file upload-v3.pdb (PDB, C-alpha atoms)
ATOM      1  CA  MET A1346     -14.955   0.791  13.554
ATOM      2  CA  THR A1347     -11.407   0.697  14.874
ATOM      3  CA  HIS A1348      -8.713   0.983  12.228
ATOM      4  CA  CYS A1349      -5.766   0.454  14.604
ATOM      5  CA  THR A1350      -5.795  -1.691  17.725
ATOM      6  CA  TYR A1351      -3.488  -1.277  20.709
ATOM      7  CA  GLU A1352      -2.631  -3.653  23.520
ATOM      8  CA  ILE A1353       0.174  -4.112  26.011
ATOM      9  CA  LEU A1354       1.693  -7.584  25.857
ATOM     10  CA  GLU A1355       3.842  -9.333  28.439
ATOM     11  CA  ASN A1356       7.218  -7.717  29.078
ATOM     12  CA  ASP A1357       5.716  -4.276  28.446
ATOM     13  CA  ILE A1358       5.620  -4.662  24.656
ATOM     14  CA  HIS A1359       3.197  -2.208  23.063
ATOM     15  CA  LYS A1360       1.484  -3.879  20.124
ATOM     16  CA  PHE A1361      -0.294  -1.940  17.408
ATOM     17  CA  ALA A1362      -2.171  -3.702  14.607
ATOM     18  CA  LEU A1363      -3.384  -1.755  11.613
ATOM     19  CA  VAL A1364      -6.757  -3.338  10.838
ATOM     20  CA  LYS A1365      -7.205  -1.011   7.860
ATOM     21  CA  ALA A1366      -4.403   0.368   5.688
ATOM     22  CA  ASP A1367      -5.694   3.910   5.535
ATOM     23  CA  ARG A1368      -5.288   7.418   6.924
ATOM     24  CA  LYS A1369      -7.682   6.761   9.805
ATOM     25  CA  ALA A1370      -5.489   3.860  10.942
ATOM     26  CA  MET A1371      -2.480   6.204  11.010
ATOM     27  CA  GLN A1372      -4.459   8.833  12.932
ATOM     28  CA  GLU A1373      -5.474   6.241  15.522
ATOM     29  CA  PHE A1374      -1.895   4.927  15.770
ATOM     30  CA  ILE A1375      -0.598   8.473  16.290
ATOM     31  CA  ALA A1376      -3.184   9.137  19.016
ATOM     32  CA  TYR A1377      -2.053   6.004  20.886
ATOM     33  CA  ALA A1378       1.628   6.838  20.341
ATOM     34  CA  ASN A1379       1.226  10.448  21.523
ATOM     35  CA  ASP A1380      -0.176   9.220  24.816
ATOM     36  CA  LEU A1381       2.511   6.558  25.093
ATOM     37  CA  PHE A1382       5.352   9.009  24.344
ATOM     38  CA  ALA A1383       3.989  11.490  26.881
ATOM     39  CA  ASN A1384       3.776   8.923  29.670
ATOM     40  CA  HIS A1385       6.613   6.454  29.078
ATOM     41  CA  PRO A1386       9.612   6.917  31.420
ATOM     42  CA  ARG A1387      12.526   8.437  29.485
ATOM     43  CA  ASP A1388      15.041   6.140  31.164
ATOM     44  CA  GLN A1389      13.271   2.968  29.966
ATOM     45  CA  MET A1390      13.377   1.386  26.520
ATOM     46  CA  LEU A1391      10.029   1.503  24.698
ATOM     47  CA  TYR A1392       9.269  -1.796  22.966
ATOM     48  CA  MET A1393       6.852  -1.531  20.045
ATOM     49  CA  LEU A1394       5.441  -4.292  17.867
ATOM     50  CA  ILE A1395       3.687  -2.866  14.812
ATOM     51  CA  ASP A1396       1.639  -5.301  12.772
ATOM     52  CA  PHE A1397       0.822  -4.393   9.167
ATOM     53  CA  ARG A1398      -0.346  -7.933   8.321
ATOM     54  CA  PRO A1399      -4.116  -7.526   8.828
ATOM     55  CA  ALA A1400      -4.532  -4.879   6.115
ATOM     56  CA  GLY A1401      -1.147  -4.115   4.616
ATOM     57  CA  VAL A1402       0.944  -0.969   4.686
ATOM     58  CA  PRO A1403      -0.846   2.392   4.975
ATOM     59  CA  PRO A1404      -0.101   5.193   2.478
ATOM     60  CA  LEU A1405       3.591   5.737   3.262
ATOM     61  CA  ALA A1406       3.944   9.380   2.246
ATOM     62  CA  TYR A1407       0.917  10.285   4.379
ATOM     63  CA  ALA A1408       2.232   8.147   7.238
ATOM     64  CA  VAL A1409       5.625   9.868   7.294
ATOM     65  CA  ARG A1410       4.092  13.365   7.051
ATOM     66  CA  SER A1411       1.661  12.570   9.863
ATOM     67  CA  LEU A1412       4.312  11.019  12.077
ATOM     68  CA  ARG A1413       6.412  14.171  11.692
ATOM     69  CA  SER A1414       3.644  16.755  12.106
ATOM     70  CA  ASP A1415       1.249  15.024  14.497
ATOM     71  CA  LEU A1416       3.592  12.943  16.655
ATOM     72  CA  LEU A1417       7.278  13.847  16.614
ATOM     73  CA  SER A1418       6.757  17.624  16.542
ATOM     74  CA  LYS A1419       4.602  17.396  19.671
ATOM     75  CA  HIS A1420       7.359  15.933  21.865
ATOM     76  CA  ASP A1421      10.613  17.656  22.821
ATOM     77  CA  GLU A1422      11.994  14.270  23.705
ATOM     78  CA  ILE A1423      10.852  10.792  22.756
ATOM     79  CA  PRO A1424      11.706   7.527  24.467
ATOM     80  CA  THR A1425      14.420   5.267  23.094
ATOM     81  CA  ILE A1426      12.504   2.851  20.893
ATOM     82  CA  ARG A1427      13.105  -0.723  19.796
ATOM     83  CA  ALA A1428      10.472  -1.588  17.174
ATOM     84  CA  ALA A1429       9.594  -4.758  15.287
ATOM     85  CA  TYR A1430       7.371  -4.532  12.231
ATOM     86  CA  LEU A1431       5.325  -7.500  11.043
ATOM     87  CA  HIS A1432       4.290  -7.441   7.394
ATOM     88  CA  ASN A1433       3.152  -9.596   4.516
ATOM     89  CA  ARG A1434       5.260  -9.784   1.398
ATOM     90  CA  SER A1435       4.575  -6.789  -0.824
ATOM     91  CA  THR A1436       6.387  -4.128  -2.773
ATOM     92  CA  LEU A1437       5.280  -1.458  -0.283
ATOM     93  CA  ALA A1438       6.572  -3.464   2.679
ATOM     94  CA  SER A1439      10.077  -3.304   1.238
ATOM     95  CA  LEU A1440       9.855   0.514   1.369
ATOM     96  CA  ILE A1441       8.956   0.684   5.080
ATOM     97  CA  SER A1442      12.575   0.890   6.251
ATOM     98  CA  THR A1443      13.432   3.549   3.700
ATOM     99  CA  PHE A1444      10.528   5.747   4.771
ATOM    100  CA  LEU A1445      11.241   5.220   8.473
ATOM    101  CA  GLU A1446      14.842   6.347   7.948
ATOM    102  CA  THR A1447      13.560   9.727   6.728
ATOM    103  CA  LEU A1448      12.081  10.365  10.188
ATOM    104  CA  ARG A1449      15.602  10.494  11.655
ATOM    105  CA  ILE A1450      14.696   9.170  15.068
ATOM    106  CA  GLY A1451      16.964   6.926  17.090
ATOM    107  CA  THR A1452      14.937   3.765  16.730
ATOM    108  CA  THR A1453      16.394   0.293  16.505
ATOM    109  CA  ARG A1454      14.091  -1.555  14.132
ATOM    110  CA  LYS A1455      13.700  -4.812  12.308
ATOM    111  CA  LEU A1456      11.112  -6.068   9.824
ATOM    112  CA  PHE A1457       9.645  -9.563  10.012
ATOM    113  CA  GLU A1458       7.784 -11.048   7.077
ATOM    114  CA  GLY A1459       4.814 -13.333   7.574
ATOM    115  CA  ASP A1460       3.859 -15.226  10.691
ATOM    116  CA  HIS A1461       6.908 -14.504  12.851
ATOM    117  CA  GLU A1462       5.387 -12.677  15.806
ATOM    118  CA  ASP A1463       7.158 -14.900  18.357
ATOM    119  CA  GLU A1464      10.488 -14.272  16.634
ATOM    120  CA  ALA A1465       9.790 -10.532  16.557
ATOM    121  CA  ILE A1466       8.997 -10.511  20.283
ATOM    122  CA  ALA A1467      12.162 -12.481  21.068
ATOM    123  CA  TRP A1468      14.194  -9.951  19.029
ATOM    124  CA  LEU A1469      12.570  -7.034  20.860
ATOM    125  CA  LEU A1470      13.646  -8.456  24.206
ATOM    126  CA  GLU A1471      17.257  -9.180  23.195
ATOM    127  CA  GLU A1472      19.814  -7.031  24.940
TER     128      GLU A1472
END
call {"tool": "encode", "arguments": {"input": "upload-v3.pdb", "output": "structure tokens"}}
result
Amino acid sequence: MTHCTYEILENDIHKFALVKADRKAMQEFIAYANDLFANHPRDQMLYMLIDFRPAGVPPLAYAVRSLRSDLLSKHDEIPTIRAAYLHNRSTLASLISTFLETLRIGTTRKLFEGDHEDEAIAWLLEE
């Protein structure tokens, strides 16, 4: 069973949906992101839409550790990222930004609560 899905939307937006809120979902996300980081042109903005709504937020401490050790440490340089995060209202969702800040990567990000995927996509494409 897939725990994280990946698709490329119109306008080259890379959408990830965590179908399960677990470690396997993070491992699958990191595998997709490693390939994306390795192949995305450095001179182009990378648009990411990350959807936590299907299952909620994965274990945040594990997610941050894994992102550091299994993704960021594997790339000398990462693309410039603009990321929108879709989430349902929860206490953990409010901590997403705080945890992402600890990664210290130059990502422009915004969180969208509930069914606002169209709004999130419009924000991603703003200049």
call {"tool": "closest_residue", "arguments": {"input": "upload-v3.pdb", "among": "A:Arg1454, A:Arg1398, A:Arg1427, A:His1461", "to": "His1359 (chain A)", "atoms": "all atoms listed in the file"}}
result
A:Arg1427
call {"tool": "resolve_selection", "arguments": {"input": "upload-v3.pdb", "expression": "the PyMOL selection byres ((chain A and resi 1424) around 7)", "output": "compact mmCIF listing (two decimals) with C-alpha atoms, in the frame of the given file"}}
result
# COMPACT_ATOMS: atom_id res chain seq x y z
CA PHE A 1382 5.35 9.01 24.34
CA HIS A 1385 6.61 6.45 29.08
CA ARG A 1387 12.53 8.44 29.48
CA MET A 1390 13.38 1.39 26.52
CA LEU A 1391 10.03 1.50 24.70
CA GLU A 1422 11.99 14.27 23.70
CA ILE A 1423 10.85 10.79 22.76
CA THR A 1425 14.42 5.27 23.09
CA ILE A 1426 12.50 2.85 20.89
call {"tool": "closest_residue", "arguments": {"input": "upload-v3.pdb", "among": "A:Ala1370, A:Ile1358, A:Ala1383, A:Ala1429", "to": "Tyr1407 (chain A)", "atoms": "all atoms listed in the file"}}
result
A:Ala1370
call {"tool": "resolve_selection", "arguments": {"input": "upload-v3.pdb", "expression": "the PyMOL selection byres ((chain A and resi 1412) around 10)", "output": "PDB file with C-alpha atoms, keeping the file's coordinate frame"}}
result
ATOM      1  CA  MET A1371      -2.480   6.204  11.010  1.00  0.00           C
ATOM      2  CA  GLN A1372      -4.459   8.833  12.932  1.00  0.00           C
ATOM      3  CA  PHE A1374      -1.895   4.927  15.770  1.00  0.00           C
ATOM      4  CA  ILE A1375      -0.598   8.473  16.290  1.00  0.00           C
ATOM      5  CA  ALA A1378       1.628   6.838  20.341  1.00  0.00           C
ATOM      6  CA  ASN A1379       1.226  10.448  21.523  1.00  0.00           C
ATOM      7  CA  ALA A1406       3.944   9.380   2.246  1.00  0.00           C
ATOM      8  CA  TYR A1407       0.917  10.285   4.379  1.00  0.00           C
ATOM      9  CA  ALA A1408       2.232   8.147   7.238  1.00  0.00           C
ATOM     10  CA  VAL A1409       5.625   9.868   7.294  1.00  0.00           C
ATOM     11  CA  ARG A1410       4.092  13.365   7.051  1.00  0.00           C
ATOM     12  CA  SER A1411       1.661  12.570   9.863  1.00  0.00           C
ATOM     13  CA  ARG A1413       6.412  14.171  11.692  1.00  0.00           C
ATOM     14  CA  SER A1414       3.644  16.755  12.106  1.00  0.00           C
ATOM     15  CA  ASP A1415       1.249  15.024  14.497  1.00  0.00           C
ATOM     16  CA  LEU A1416       3.592  12.943  16.655  1.00  0.00           C
ATOM     17  CA  LEU A1417       7.278  13.847  16.614  1.00  0.00           C
ATOM     18  CA  SER A1418       6.757  17.624  16.542  1.00  0.00           C
ATOM     19  CA  LYS A1419       4.602  17.396  19.671  1.00  0.00           C
ATOM     20  CA  LEU A1445      11.241   5.220   8.473  1.00  0.00           C
ATOM     21  CA  LEU A1448      12.081  10.365  10.188  1.00  0.00           C
TER      22      LEU A1448
END
call {"tool": "resolve_selection", "arguments": {"input": "upload-v3.pdb", "expression": "the PyMOL selection byres ((chain A and resi 1457) around 6)", "output": "ChimeraX atom specification"}}
result
/A:1430-1431,1456,1458
call {"tool": "closest_residue", "arguments": {"input": "upload-v3.pdb", "among": "A:Ala1366, A:Ala1376, A:Ala1428, A:Ala1400", "to": "Lys1455 (chain A)", "atoms": "all atoms listed in the file"}}
result
A:Ala1428
call {"tool": "closest_residue", "arguments": {"input": "upload-v3.pdb", "among": "A:Asp1380, A:Pro1403, A:Leu1394, A:Met1346", "to": "Trp1468 (chain A)", "atoms": "only C-alpha atoms"}}
result
A:Leu1394
call {"tool": "atom_distance", "arguments": {"input": "upload-v3.pdb", "atom1": "CA of His1420 (chain A)", "atom2": "CA of Thr1453 (chain A)"}}
result
18.8 Å
call {"tool": "atom_distance", "arguments": {"input": "upload-v3.pdb", "atom1": "CA of Asp1463 (chain A)", "atom2": "CA of Arg1368 (chain A)"}}
result
28.0 Å
call {"tool": "closest_residue", "arguments": {"input": "upload-v3.pdb", "among": "A:Leu1363, A:Leu1405, A:Met1393, A:Leu1354", "to": "Leu1381 (chain A)", "atoms": "all atoms listed in the file"}}
result
A:Met1393
call {"tool": "atom_distance", "arguments": {"input": "upload-v3.pdb", "atom1": "CA of Asp1396 (chain A)", "atom2": "CA of Asp1357 (chain A)"}}
result
16.2 Å
call {"tool": "closest_residue", "arguments": {"input": "upload-v3.pdb", "among": "A:Glu1471, A:Glu1373, A:Asp1367, A:Lys1360", "to": "Thr1347 (chain A)", "atoms": "all atoms listed in the file"}}
result
A:Glu1373
call {"tool": "build_atoms", "arguments": {"input": "upload-v3.pdb", "residues": "region 1385-1399 of chain A", "atoms": "N, CA and C atoms", "output": "compact mmCIF listing (two decimals), in the coordinates of the input"}}
result
# COMPACT_ATOMS: atom_id res chain seq x y z
N HIS A 1385 5.59 7.50 28.91
CA HIS A 1385 6.61 6.45 29.08
C HIS A 1385 7.86 7.05 29.73
N PRO A 1386 8.41 6.39 30.76
CA PRO A 1386 9.61 6.92 31.42
C PRO A 1386 10.78 7.04 30.43
N ARG A 1387 11.44 8.17 30.44
CA ARG A 1387 12.53 8.44 29.48
C ARG A 1387 13.73 7.52 29.68
N ASP A 1388 13.88 6.98 30.89
CA ASP A 1388 15.04 6.14 31.16
C ASP A 1388 14.76 4.66 30.88
N GLN A 1389 13.61 4.35 30.29
CA GLN A 1389 13.27 2.97 29.97
C GLN A 1389 13.07 2.82 28.47
N MET A 1390 13.57 1.71 27.93
CA MET A 1390 13.38 1.39 26.52
C MET A 1390 11.88 1.19 26.25
N LEU A 1391 11.41 1.70 25.13
CA LEU A 1391 10.03 1.50 24.70
C LEU A 1391 10.03 0.43 23.62
N TYR A 1392 9.35 -0.68 23.90
CA TYR A 1392 9.27 -1.80 22.97
C TYR A 1392 7.95 -1.71 22.21
N MET A 1393 8.04 -1.65 20.88
CA MET A 1393 6.85 -1.53 20.05
C MET A 1393 6.83 -2.65 19.01
N LEU A 1394 5.68 -3.28 18.88
CA LEU A 1394 5.44 -4.29 17.87
C LEU A 1394 4.32 -3.74 16.98
N ILE A 1395 4.65 -3.49 15.73
CA ILE A 1395 3.69 -2.87 14.81
C ILE A 1395 3.36 -3.87 13.72
N ASP A 1396 2.09 -4.23 13.65
CA ASP A 1396 1.64 -5.30 12.77
C ASP A 1396 0.86 -4.74 11.58
N PHE A 1397 1.47 -4.83 10.40
CA PHE A 1397 0.82 -4.39 9.17
C PHE A 1397 0.10 -5.55 8.47
N ARG A 1398 0.19 -6.76 9.02
CA ARG A 1398 -0.35 -7.93 8.32
C ARG A 1398 -1.86 -7.92 8.11
N PRO A 1399 -2.66 -7.44 9.06
CA PRO A 1399 -4.12 -7.53 8.83
C PRO A 1399 -4.59 -6.81 7.56
